[in-house]
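For reference, the structure is listed below as structure tokens.
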Amino acid sequence: MALFRKKQKEWVPTVGLVSLGCSKNQVDAELMLSKLSRAGYEISDDVVGCDAVIVNTCGFIEDAKREAIDSILEMAGYKEDGELKKIIVTGCLAERYREEILKEFPEVDAVVGLGKNNDIVRVVDQVLDNEPVLDPFPDKDELPLSGDRIRTTPDYWAYLKIAEGCSNNCAFCAIPSIRGKYRSRPMEDILDEARHLAETGVKEVILIAQDTSLYGRDLYGELKLPQLLRELCTIPGLSWIRFLYCYPERITDELLDVLATEDKVCRYLDIPLQHADQTVLRRMHRIGSRDQFAELLAHIRERVPDICIRTTVMTGFPGETDEQFETLAEFVKDMKFDNLGCFAFSPEEGTAAADMEDQVPEDIKLHRQELIMQLQHDIVVENNKKYLGRTLDVLVDGYDKYSDSYIGRSSQQVPEVDGTVVFTCDRDLSAGDFVPVDIFGVDEYDITGQAF
């Protein structure tokens, strides 16, 4: 949470910004923070006493919507108690449920769409002046892809958004209707921002988009992620470069060659497979099958030794039978993913899957999700044993005074997503330092060791 104070001669309003959801939404918030700062607002650290609060919402799945609603209600409580005056709702939930928010939450003073992010200073000014917000829902393509940011990540790592929107049209996903079609950023624009990040002390950049593997096809007529990665590797100061959300059909040998040969590119692939049963996948509007995925994973592991593979799967998609779930569970057991996230299907309004027949009962969806995560827990503990006796380069994230240990990550651990390296060291370290760590233990999802 970041708060701002606008300097004016007669009135000094405070404005807060609460950002929820994914890393893409976080970058959107960082762009808005910079615009507010350049307009004269000062950063504060307390929502109480604000004249206005911006709630930058997520609206992707049911849990995210609940979190957004809870945050709006929390701000409404502050407003009712006289601790803030205005509430502005932005982000995916605002784009998706425009009229509903105003109707259900009379405490909200303005709801604006994603395309209005570029004009956030004017929105705040109008709301604080009790003026109506003009054109609150412009074309979502007006959502800025780049610009100055006030980063909310630590100084030494940053997200780098390379594209916006999605054109995959999976049956369960509302992102295309919320954020529009896929739009790549020009490569030089991305490289310029990466150079600036490196010059300001960033050592690790994480490329994000709804589908990073699709990068460049809309602008250049071909997939350009491999070239972008090689160009990023030439930037002095950057030590780790990683990319998330690669669709299996676009993992090419050219991309694997980059992973295998470029030292700065982390040997880490995030592949959202969603399921392993071919019938379920087709209903999802996804390609692939259990055998095709198994062949792909074997090929990846052969081409890129020591690769870390993460995936995302879904339980309880409409029509999923016990046998089809067993196909998924056996696939997870056999493939031994290094990291895995599992979500129970959420019927999102406006998606094809929401109206499908044979909806799976909620308790069955959640039970299947629990079974997958229990299975994956055992796999992770076993996989982590491969690090025993090895020395890993670890990026320090901080110090935990309760355990008297440092917390960090290897190149195969994504911040805020995967496990960590917990280690001791006889000398003082700072967040952002790289240090070699001898690994001697496994603790659930984390590995433990001693730095020297």
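Residue numbering restarts at 1 for every chain of the structure tokens, chains are lettered A, B, ... in their displayed order, and ligands are numbered from 1 as they appear.
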
Residues near segment 186-200 of chain A, cut-off 9 Å, only C-alpha atoms, skip fewer than 2 positions along chain, as a PyMOL selection string: chain A and resi 146-148+155-158+160-162+184+202-205+216+219+224+228+231-232+235-238

Output file for the selection above: N, CA and C atoms, as a compact mmCIF listing (two decimals), in the first residue's frame:
```
# COMPACT_ATOMS: atom_id res chain seq x y z
N SER A 146 3.82 0.93 -20.91
CA SER A 146 5.13 1.34 -20.41
C SER A 146 5.01 2.72 -19.79
N GLY A 147 6.12 3.16 -19.20
CA GLY A 147 6.16 4.48 -18.57
C GLY A 147 6.95 4.42 -17.28
N ASP A 148 7.16 5.57 -16.67
CA ASP A 148 7.86 5.61 -15.39
C ASP A 148 7.03 4.88 -14.34
N ASP A 155 14.40 -3.27 -4.14
CA ASP A 155 15.23 -2.50 -5.06
C ASP A 155 15.99 -3.37 -6.06
N TYR A 156 16.27 -4.62 -5.71
CA TYR A 156 17.17 -5.44 -6.52
C TYR A 156 16.47 -6.38 -7.49
N TRP A 157 15.11 -6.45 -7.46
CA TRP A 157 14.41 -7.21 -8.50
C TRP A 157 13.14 -6.49 -8.91
N ALA A 158 12.71 -6.75 -10.14
CA ALA A 158 11.55 -6.03 -10.68
C ALA A 158 10.84 -6.88 -11.72
N LEU A 160 8.90 -6.98 -15.28
CA LEU A 160 9.01 -6.27 -16.55
C LEU A 160 7.93 -6.80 -17.48
N LYS A 161 6.86 -6.02 -17.63
CA LYS A 161 5.74 -6.46 -18.46
C LYS A 161 6.11 -6.31 -19.93
N ILE A 162 5.97 -7.40 -20.70
CA ILE A 162 6.36 -7.36 -22.10
C ILE A 162 5.15 -7.35 -23.04
N SER A 184 1.83 -6.82 -27.80
CA SER A 184 3.24 -6.84 -27.42
C SER A 184 3.80 -5.42 -27.34
N VAL A 202 18.77 -2.87 -10.15
CA VAL A 202 18.03 -4.12 -10.28
C VAL A 202 18.95 -5.21 -10.84
N LYS A 203 18.96 -6.36 -10.16
CA LYS A 203 19.79 -7.48 -10.57
C LYS A 203 19.00 -8.61 -11.22
N GLU A 204 17.72 -8.67 -10.89
CA GLU A 204 16.86 -9.73 -11.41
C GLU A 204 15.61 -9.12 -12.04
N VAL A 205 15.34 -9.45 -13.30
CA VAL A 205 14.11 -9.01 -13.94
C VAL A 205 13.27 -10.24 -14.26
N GLY A 216 5.72 -10.89 -29.44
CA GLY A 216 6.25 -10.42 -30.71
C GLY A 216 5.47 -10.81 -31.94
N LEU A 219 3.42 -7.99 -33.46
CA LEU A 219 4.20 -6.86 -33.96
C LEU A 219 5.12 -7.23 -35.12
N LYS A 224 9.19 -13.77 -30.79
CA LYS A 224 10.43 -13.04 -30.57
C LYS A 224 10.99 -13.16 -29.15
N LEU A 228 14.47 -11.53 -27.65
CA LEU A 228 14.39 -10.57 -26.55
C LEU A 228 15.28 -11.01 -25.39
N GLU A 231 18.92 -10.37 -26.16
CA GLU A 231 19.23 -8.94 -26.08
C GLU A 231 19.34 -8.49 -24.62
N LEU A 232 18.45 -8.99 -23.78
CA LEU A 232 18.49 -8.63 -22.36
C LEU A 232 19.78 -9.11 -21.71
N ILE A 235 22.81 -6.67 -21.33
CA ILE A 235 22.70 -5.47 -20.50
C ILE A 235 23.55 -5.64 -19.24
N PRO A 236 24.55 -4.79 -19.05
CA PRO A 236 25.38 -4.89 -17.85
C PRO A 236 24.54 -4.66 -16.59
N GLY A 237 24.88 -5.39 -15.54
CA GLY A 237 24.20 -5.21 -14.27
C GLY A 237 23.13 -6.24 -13.99
N LEU A 238 22.48 -6.72 -15.04
CA LEU A 238 21.47 -7.77 -14.85
C LEU A 238 22.17 -9.11 -14.63
```

Neighbour list for segment 116-132 of chain A as a ChimeraX atom specification, cut-off 7 Å, only C-alpha atoms, skip fewer than 6 positions in-chain: /A:32,35-36,138,143-144

Shell of 12 Å around Thr152 of chain A, only C-alpha atoms, local chain residues under 3 positions omitted, as an MDAnalysis selection string: chainID A and resid 1:2 17:19 23 25:34 149 155:159

Test item: residues at most 7 Å from Thr57 of chain A, only C-alpha atoms, excluding those fewer than 4 positions along its chain, as an mmCIF file with all heavy atoms, in the first residue's frame:
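Writing done, so here's around_28.cif:
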```
data_model
loop_
_atom_site.group_PDB
_atom_site.id
_atom_site.type_symbol
_atom_site.label_atom_id
_atom_site.label_comp_id
_atom_site.auth_asym_id
_atom_site.auth_seq_id
_atom_site.Cartn_x
_atom_site.Cartn_y
_atom_site.Cartn_z
ATOM 1 N N SER A 19 -3.291 -2.064 -4.088
ATOM 2 C CA SER A 19 -3.273 -2.872 -5.307
ATOM 3 C C SER A 19 -3.362 -4.351 -4.965
ATOM 4 O O SER A 19 -2.674 -4.844 -4.068
ATOM 5 C CB SER A 19 -2.007 -2.604 -6.121
ATOM 6 O OG SER A 19 -2.112 -3.194 -7.402
ATOM 7 N N LEU A 20 -4.214 -5.066 -5.682
ATOM 8 C CA LEU A 20 -4.482 -6.477 -5.442
ATOM 9 C C LEU A 20 -4.171 -7.295 -6.691
ATOM 10 O O LEU A 20 -4.061 -6.765 -7.787
ATOM 11 C CB LEU A 20 -5.952 -6.670 -5.054
ATOM 12 C CG LEU A 20 -6.470 -5.798 -3.908
ATOM 13 C CD1 LEU A 20 -7.993 -5.923 -3.815
ATOM 14 C CD2 LEU A 20 -5.821 -6.188 -2.588
ATOM 15 N N GLY A 21 -4.050 -8.606 -6.507
ATOM 16 C CA GLY A 21 -3.995 -9.496 -7.658
ATOM 17 C C GLY A 21 -2.600 -9.793 -8.149
ATOM 18 O O GLY A 21 -1.626 -9.812 -7.402
ATOM 19 N N ALA A 68 -11.082 -8.507 -3.520
ATOM 20 C CA ALA A 68 -11.341 -7.137 -3.955
ATOM 21 C C ALA A 68 -12.547 -6.557 -3.229
ATOM 22 O O ALA A 68 -12.517 -5.400 -2.764
ATOM 23 C CB ALA A 68 -11.564 -7.101 -5.470
ATOM 24 N N THR A 90 -10.482 0.832 -9.381
ATOM 25 C CA THR A 90 -9.868 0.636 -10.695
ATOM 26 C C THR A 90 -9.578 -0.853 -10.878
ATOM 27 O O THR A 90 -9.883 -1.668 -10.019
ATOM 28 C CB THR A 90 -8.563 1.442 -10.816
ATOM 29 O OG1 THR A 90 -7.610 0.930 -9.856
ATOM 30 C CG2 THR A 90 -8.788 2.916 -10.545
ATOM 31 N N GLY A 91 -8.972 -1.213 -12.007
ATOM 32 C CA GLY A 91 -8.505 -2.574 -12.214
ATOM 33 C C GLY A 91 -9.535 -3.485 -12.870
ATOM 34 O O GLY A 91 -10.557 -3.054 -13.402
ATOM 35 N N CYS A 92 -9.257 -4.789 -12.788
ATOM 36 C CA CYS A 92 -10.040 -5.782 -13.535
ATOM 37 C C CYS A 92 -11.483 -5.878 -13.058
ATOM 38 O O CYS A 92 -12.396 -6.023 -13.864
ATOM 39 C CB CYS A 92 -9.369 -7.144 -13.445
ATOM 40 S SG CYS A 92 -7.828 -7.266 -14.390
ATOM 41 N N LEU A 93 -11.696 -5.842 -11.737
ATOM 42 C CA LEU A 93 -13.070 -5.919 -11.240
ATOM 43 C C LEU A 93 -13.874 -4.718 -11.703
ATOM 44 O O LEU A 93 -15.054 -4.836 -12.050
ATOM 45 C CB LEU A 93 -13.075 -6.009 -9.712
ATOM 46 C CG LEU A 93 -14.408 -6.454 -9.095
ATOM 47 C CD1 LEU A 93 -14.615 -7.953 -9.296
ATOM 48 C CD2 LEU A 93 -14.456 -6.119 -7.603
#
```

Near-segment 325-334 of chain A list (9 Å; only C-alpha atoms; drop same-chain fewer than 4 positions) as a VMD selection string: chain A and resid 275 to 277 290 294 313 315 to 316 320 to 321 340 368 371 to 372 375 to 376 379

Non-local contacts of Arg303 of chain A (12 Å; only C-alpha atoms; under 5 positions in same chain excluded) as an NGL selection string: :A and (251-261 or 267 or 296-298)

Alpha helix (DSSP H) call set, DSSP backbone run, segment 23-91 of chain A, as a PyMOL selection string: chain A and resi 23-38+62-80

Can you write just those residues out, C-alpha atoms, as a compact mmCIF listing (two decimals), in the first residue's frame?
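Below you can see result.txt, which holds the result:
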```txt
# COMPACT_ATOMS: atom_id res chain seq x y z
CA SER A 23 2.07 -9.16 -11.00
CA LYS A 24 0.59 -7.61 -14.16
CA ASN A 25 -1.86 -5.64 -12.05
CA GLN A 26 1.00 -4.68 -9.74
CA VAL A 27 2.88 -3.11 -12.65
CA ASP A 28 -0.28 -1.19 -13.59
CA ALA A 29 -0.38 0.14 -10.02
CA GLU A 30 3.29 1.14 -10.18
CA LEU A 31 2.62 3.15 -13.33
CA MET A 32 -0.27 4.93 -11.61
CA LEU A 33 1.88 5.63 -8.55
CA SER A 34 4.46 7.36 -10.71
CA LYS A 35 1.83 9.54 -12.38
CA LEU A 36 0.48 10.55 -8.97
CA SER A 37 3.96 11.28 -7.68
CA ARG A 38 4.90 13.44 -10.66
CA GLU A 62 -13.84 -16.01 -7.43
CA ASP A 63 -11.21 -15.82 -4.68
CA ALA A 64 -9.72 -12.69 -6.25
CA LYS A 65 -13.15 -11.09 -6.51
CA ARG A 66 -13.80 -11.81 -2.84
CA GLU A 67 -10.50 -10.22 -1.89
CA ALA A 68 -11.34 -7.14 -3.96
CA ILE A 69 -14.81 -6.88 -2.42
CA ASP A 70 -13.36 -7.28 1.07
CA SER A 71 -10.91 -4.47 0.38
CA ILE A 72 -13.67 -2.19 -0.90
CA LEU A 73 -15.74 -2.98 2.18
CA GLU A 74 -12.75 -2.24 4.41
CA MET A 75 -12.32 1.16 2.78
CA ALA A 76 -16.08 1.73 3.07
CA GLY A 77 -15.77 1.09 6.80
CA TYR A 78 -13.07 3.73 7.08
CA LYS A 79 -15.27 6.11 5.14
CA GLU A 80 -18.26 5.45 7.38
```

Closest of A:Val417, A:Leu214, A:Phe172, A:Gly398 to Phe317 of chain A - atom-to-atom distances counting only C-alpha atoms: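 The answer is A:Phe172, which sits nearest to Phe317 of chain A.
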
Write out, as JSON lines, each residue of segment 157-273 of chain A that has an atom at most 12 Å from segment 278-281 of chain A, together with the closest pair of atoms and their distance in Å to one decimal, counting only C-alpha atoms, rows going by chain and rising number.
```
{"residue": "A:Cys170", "atom": "CA", "partner": "A:Leu281", "partner_atom": "CA", "distance": 9.6}
{"residue": "A:Ala171", "atom": "CA", "partner": "A:Leu281", "partner_atom": "CA", "distance": 9.7}
{"residue": "A:Phe172", "atom": "CA", "partner": "A:Leu281", "partner_atom": "CA", "distance": 10.9}
{"residue": "A:Pro272", "atom": "CA", "partner": "A:Leu281", "partner_atom": "CA", "distance": 12.0}
{"residue": "A:Leu273", "atom": "CA", "partner": "A:Leu281", "partner_atom": "CA", "distance": 9.0}
```

Mind dumping the selected residues with N, CA and C atoms as a compact mmCIF listing (two decimals), in the first residue's frame?
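Done, and the output landed in selection.txt:
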```
# COMPACT_ATOMS: atom_id res chain seq x y z
N CYS A 170 -9.25 -19.31 -23.78
CA CYS A 170 -9.55 -20.55 -23.07
C CYS A 170 -10.98 -20.47 -22.53
N ALA A 171 -11.66 -21.60 -22.48
CA ALA A 171 -13.08 -21.61 -22.15
C ALA A 171 -13.37 -21.13 -20.73
N PHE A 172 -12.39 -21.23 -19.84
CA PHE A 172 -12.61 -20.89 -18.43
C PHE A 172 -12.15 -19.49 -18.07
N PRO A 272 1.70 -23.40 -17.95
CA PRO A 272 0.35 -23.69 -17.44
C PRO A 272 -0.36 -24.73 -18.30
N LEU A 273 -0.21 -26.01 -17.94
CA LEU A 273 -0.78 -27.10 -18.74
C LEU A 273 -2.28 -27.26 -18.51
```

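Secondary structure from DSSP on the backbone puts strand (DSSP E or B) at the following positions of segment 219-291 of chain A: A:Trp240, A:Ile241, A:Arg242, A:Phe243, A:Val265, A:Tyr268, A:Leu269, A:Asp270, A:Ile271, A:Pro272, A:Leu273, A:Gln274.
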
Those selected residues, please, written with N, CA, C and O atoms and delivered as a PDB file, in the first residue's frame.
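Printed below is selection27.pdb as written:
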```
ATOM      1  N   TRP A 240      20.164 -12.077 -13.248  1.00  0.00           N
ATOM      2  CA  TRP A 240      19.160 -13.112 -13.504  1.00  0.00           C
ATOM      3  C   TRP A 240      18.045 -12.545 -14.358  1.00  0.00           C
ATOM      4  O   TRP A 240      17.519 -11.461 -14.077  1.00  0.00           O
ATOM      5  N   ILE A 241      17.673 -13.302 -15.388  1.00  0.00           N
ATOM      6  CA  ILE A 241      16.531 -12.963 -16.239  1.00  0.00           C
ATOM      7  C   ILE A 241      15.639 -14.186 -16.286  1.00  0.00           C
ATOM      8  O   ILE A 241      16.091 -15.281 -16.646  1.00  0.00           O
ATOM      9  N   ARG A 242      14.391 -14.017 -15.891  1.00  0.00           N
ATOM     10  CA  ARG A 242      13.456 -15.142 -15.965  1.00  0.00           C
ATOM     11  C   ARG A 242      12.163 -14.684 -16.602  1.00  0.00           C
ATOM     12  O   ARG A 242      11.863 -13.488 -16.653  1.00  0.00           O
ATOM     13  N   PHE A 243      11.385 -15.630 -17.090  1.00  0.00           N
ATOM     14  CA  PHE A 243      10.127 -15.315 -17.762  1.00  0.00           C
ATOM     15  C   PHE A 243       9.086 -16.318 -17.312  1.00  0.00           C
ATOM     16  O   PHE A 243       9.382 -17.489 -17.070  1.00  0.00           O
ATOM     17  N   VAL A 265      20.008 -16.251 -18.121  1.00  0.00           N
ATOM     18  CA  VAL A 265      18.619 -16.711 -18.183  1.00  0.00           C
ATOM     19  C   VAL A 265      18.443 -17.886 -17.230  1.00  0.00           C
ATOM     20  O   VAL A 265      19.105 -18.923 -17.377  1.00  0.00           O
ATOM     21  N   TYR A 268      14.464 -22.095 -15.768  1.00  0.00           N
ATOM     22  CA  TYR A 268      13.162 -22.190 -15.105  1.00  0.00           C
ATOM     23  C   TYR A 268      12.094 -21.982 -16.166  1.00  0.00           C
ATOM     24  O   TYR A 268      12.143 -21.014 -16.923  1.00  0.00           O
ATOM     25  N   LEU A 269      11.140 -22.907 -16.225  1.00  0.00           N
ATOM     26  CA  LEU A 269      10.029 -22.786 -17.168  1.00  0.00           C
ATOM     27  C   LEU A 269       8.715 -22.900 -16.407  1.00  0.00           C
ATOM     28  O   LEU A 269       8.511 -23.839 -15.631  1.00  0.00           O
ATOM     29  N   ASP A 270       7.837 -21.953 -16.638  1.00  0.00           N
ATOM     30  CA  ASP A 270       6.502 -21.946 -16.059  1.00  0.00           C
ATOM     31  C   ASP A 270       5.519 -22.242 -17.184  1.00  0.00           C
ATOM     32  O   ASP A 270       5.297 -21.402 -18.066  1.00  0.00           O
ATOM     33  N   ILE A 271       4.935 -23.443 -17.170  1.00  0.00           N
ATOM     34  CA  ILE A 271       4.093 -23.908 -18.273  1.00  0.00           C
ATOM     35  C   ILE A 271       2.701 -24.240 -17.734  1.00  0.00           C
ATOM     36  O   ILE A 271       2.510 -25.291 -17.119  1.00  0.00           O
ATOM     37  N   PRO A 272       1.700 -23.401 -17.947  1.00  0.00           N
ATOM     38  CA  PRO A 272       0.353 -23.691 -17.438  1.00  0.00           C
ATOM     39  C   PRO A 272      -0.359 -24.732 -18.301  1.00  0.00           C
ATOM     40  O   PRO A 272      -1.047 -24.408 -19.263  1.00  0.00           O
ATOM     41  N   LEU A 273      -0.207 -26.011 -17.941  1.00  0.00           N
ATOM     42  CA  LEU A 273      -0.783 -27.098 -18.744  1.00  0.00           C
ATOM     43  C   LEU A 273      -2.282 -27.264 -18.513  1.00  0.00           C
ATOM     44  O   LEU A 273      -3.005 -27.736 -19.383  1.00  0.00           O
ATOM     45  N   GLN A 274      -2.755 -26.994 -17.305  1.00  0.00           N
ATOM     46  CA  GLN A 274      -4.162 -27.012 -16.892  1.00  0.00           C
ATOM     47  C   GLN A 274      -4.734 -28.410 -16.668  1.00  0.00           C
ATOM     48  O   GLN A 274      -5.515 -28.619 -15.745  1.00  0.00           O
TER      49      GLN A 274
END
```

Residue neighbourhood segment 347-353 of chain A, 7 Å, only C-alpha atoms, exclusion window fewer than 2 positions, as a ChimeraX atom specification: /A:61,171-174,318,345,355-356

Go ahead and write the selection's residues with N, CA, C and O atoms as a PDB file, in the first residue's frame.
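The result, stored in out18.pdb:
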```pdb
ATOM      1  N   ILE A  61     -10.642 -14.659 -10.782  1.00  0.00           N
ATOM      2  CA  ILE A  61     -11.392 -15.809 -10.300  1.00  0.00           C
ATOM      3  C   ILE A  61     -12.143 -15.415  -9.033  1.00  0.00           C
ATOM      4  O   ILE A  61     -11.965 -14.323  -8.501  1.00  0.00           O
ATOM      5  N   ALA A 171     -11.660 -21.596 -22.483  1.00  0.00           N
ATOM      6  CA  ALA A 171     -13.078 -21.607 -22.148  1.00  0.00           C
ATOM      7  C   ALA A 171     -13.368 -21.128 -20.732  1.00  0.00           C
ATOM      8  O   ALA A 171     -14.474 -20.666 -20.445  1.00  0.00           O
ATOM      9  N   PHE A 172     -12.393 -21.230 -19.838  1.00  0.00           N
ATOM     10  CA  PHE A 172     -12.605 -20.892 -18.433  1.00  0.00           C
ATOM     11  C   PHE A 172     -12.150 -19.489 -18.068  1.00  0.00           C
ATOM     12  O   PHE A 172     -12.341 -19.059 -16.929  1.00  0.00           O
ATOM     13  N   CYS A 173     -11.565 -18.754 -18.994  1.00  0.00           N
ATOM     14  CA  CYS A 173     -10.843 -17.530 -18.650  1.00  0.00           C
ATOM     15  C   CYS A 173     -11.540 -16.280 -19.166  1.00  0.00           C
ATOM     16  O   CYS A 173     -11.935 -16.205 -20.334  1.00  0.00           O
ATOM     17  N   ALA A 174     -11.647 -15.279 -18.290  1.00  0.00           N
ATOM     18  CA  ALA A 174     -12.293 -14.018 -18.650  1.00  0.00           C
ATOM     19  C   ALA A 174     -11.296 -12.934 -19.043  1.00  0.00           C
ATOM     20  O   ALA A 174     -11.704 -11.816 -19.377  1.00  0.00           O
ATOM     21  N   PRO A 318     -15.959 -28.404 -15.825  1.00  0.00           N
ATOM     22  CA  PRO A 318     -17.239 -29.036 -16.144  1.00  0.00           C
ATOM     23  C   PRO A 318     -17.073 -30.347 -16.922  1.00  0.00           C
ATOM     24  O   PRO A 318     -16.361 -30.404 -17.921  1.00  0.00           O
ATOM     25  N   PHE A 345     -11.840 -25.244 -10.341  1.00  0.00           N
ATOM     26  CA  PHE A 345     -12.527 -24.476 -11.383  1.00  0.00           C
ATOM     27  C   PHE A 345     -13.487 -23.453 -10.780  1.00  0.00           C
ATOM     28  O   PHE A 345     -14.255 -23.753  -9.867  1.00  0.00           O
ATOM     29  N   ASP A 355     -21.267 -21.733 -18.676  1.00  0.00           N
ATOM     30  CA  ASP A 355     -22.583 -22.187 -19.140  1.00  0.00           C
ATOM     31  C   ASP A 355     -22.593 -23.645 -19.569  1.00  0.00           C
ATOM     32  O   ASP A 355     -23.603 -24.132 -20.083  1.00  0.00           O
ATOM     33  N   MET A 356     -21.496 -24.339 -19.364  1.00  0.00           N
ATOM     34  CA  MET A 356     -21.440 -25.747 -19.767  1.00  0.00           C
ATOM     35  C   MET A 356     -22.282 -26.614 -18.838  1.00  0.00           C
ATOM     36  O   MET A 356     -22.463 -26.294 -17.662  1.00  0.00           O
TER      37      MET A 356
END
```

Selected residue, from A:Val394, A:Cys308, A:Leu134, A:Cys22, that lies nearest to Gln210 of chain A when counting only C-alpha atoms: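 Under the stated criterion, the closest residue is A:Cys22.
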
Point-to-point distance from atom CA of Cys266 of chain A to atom CA of Arg230 of chain A, Å rounded to tenths: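 Value for the atom CA of Cys266 of chain A-atom CA of Arg230 of chain A distance: 12.3 Å.
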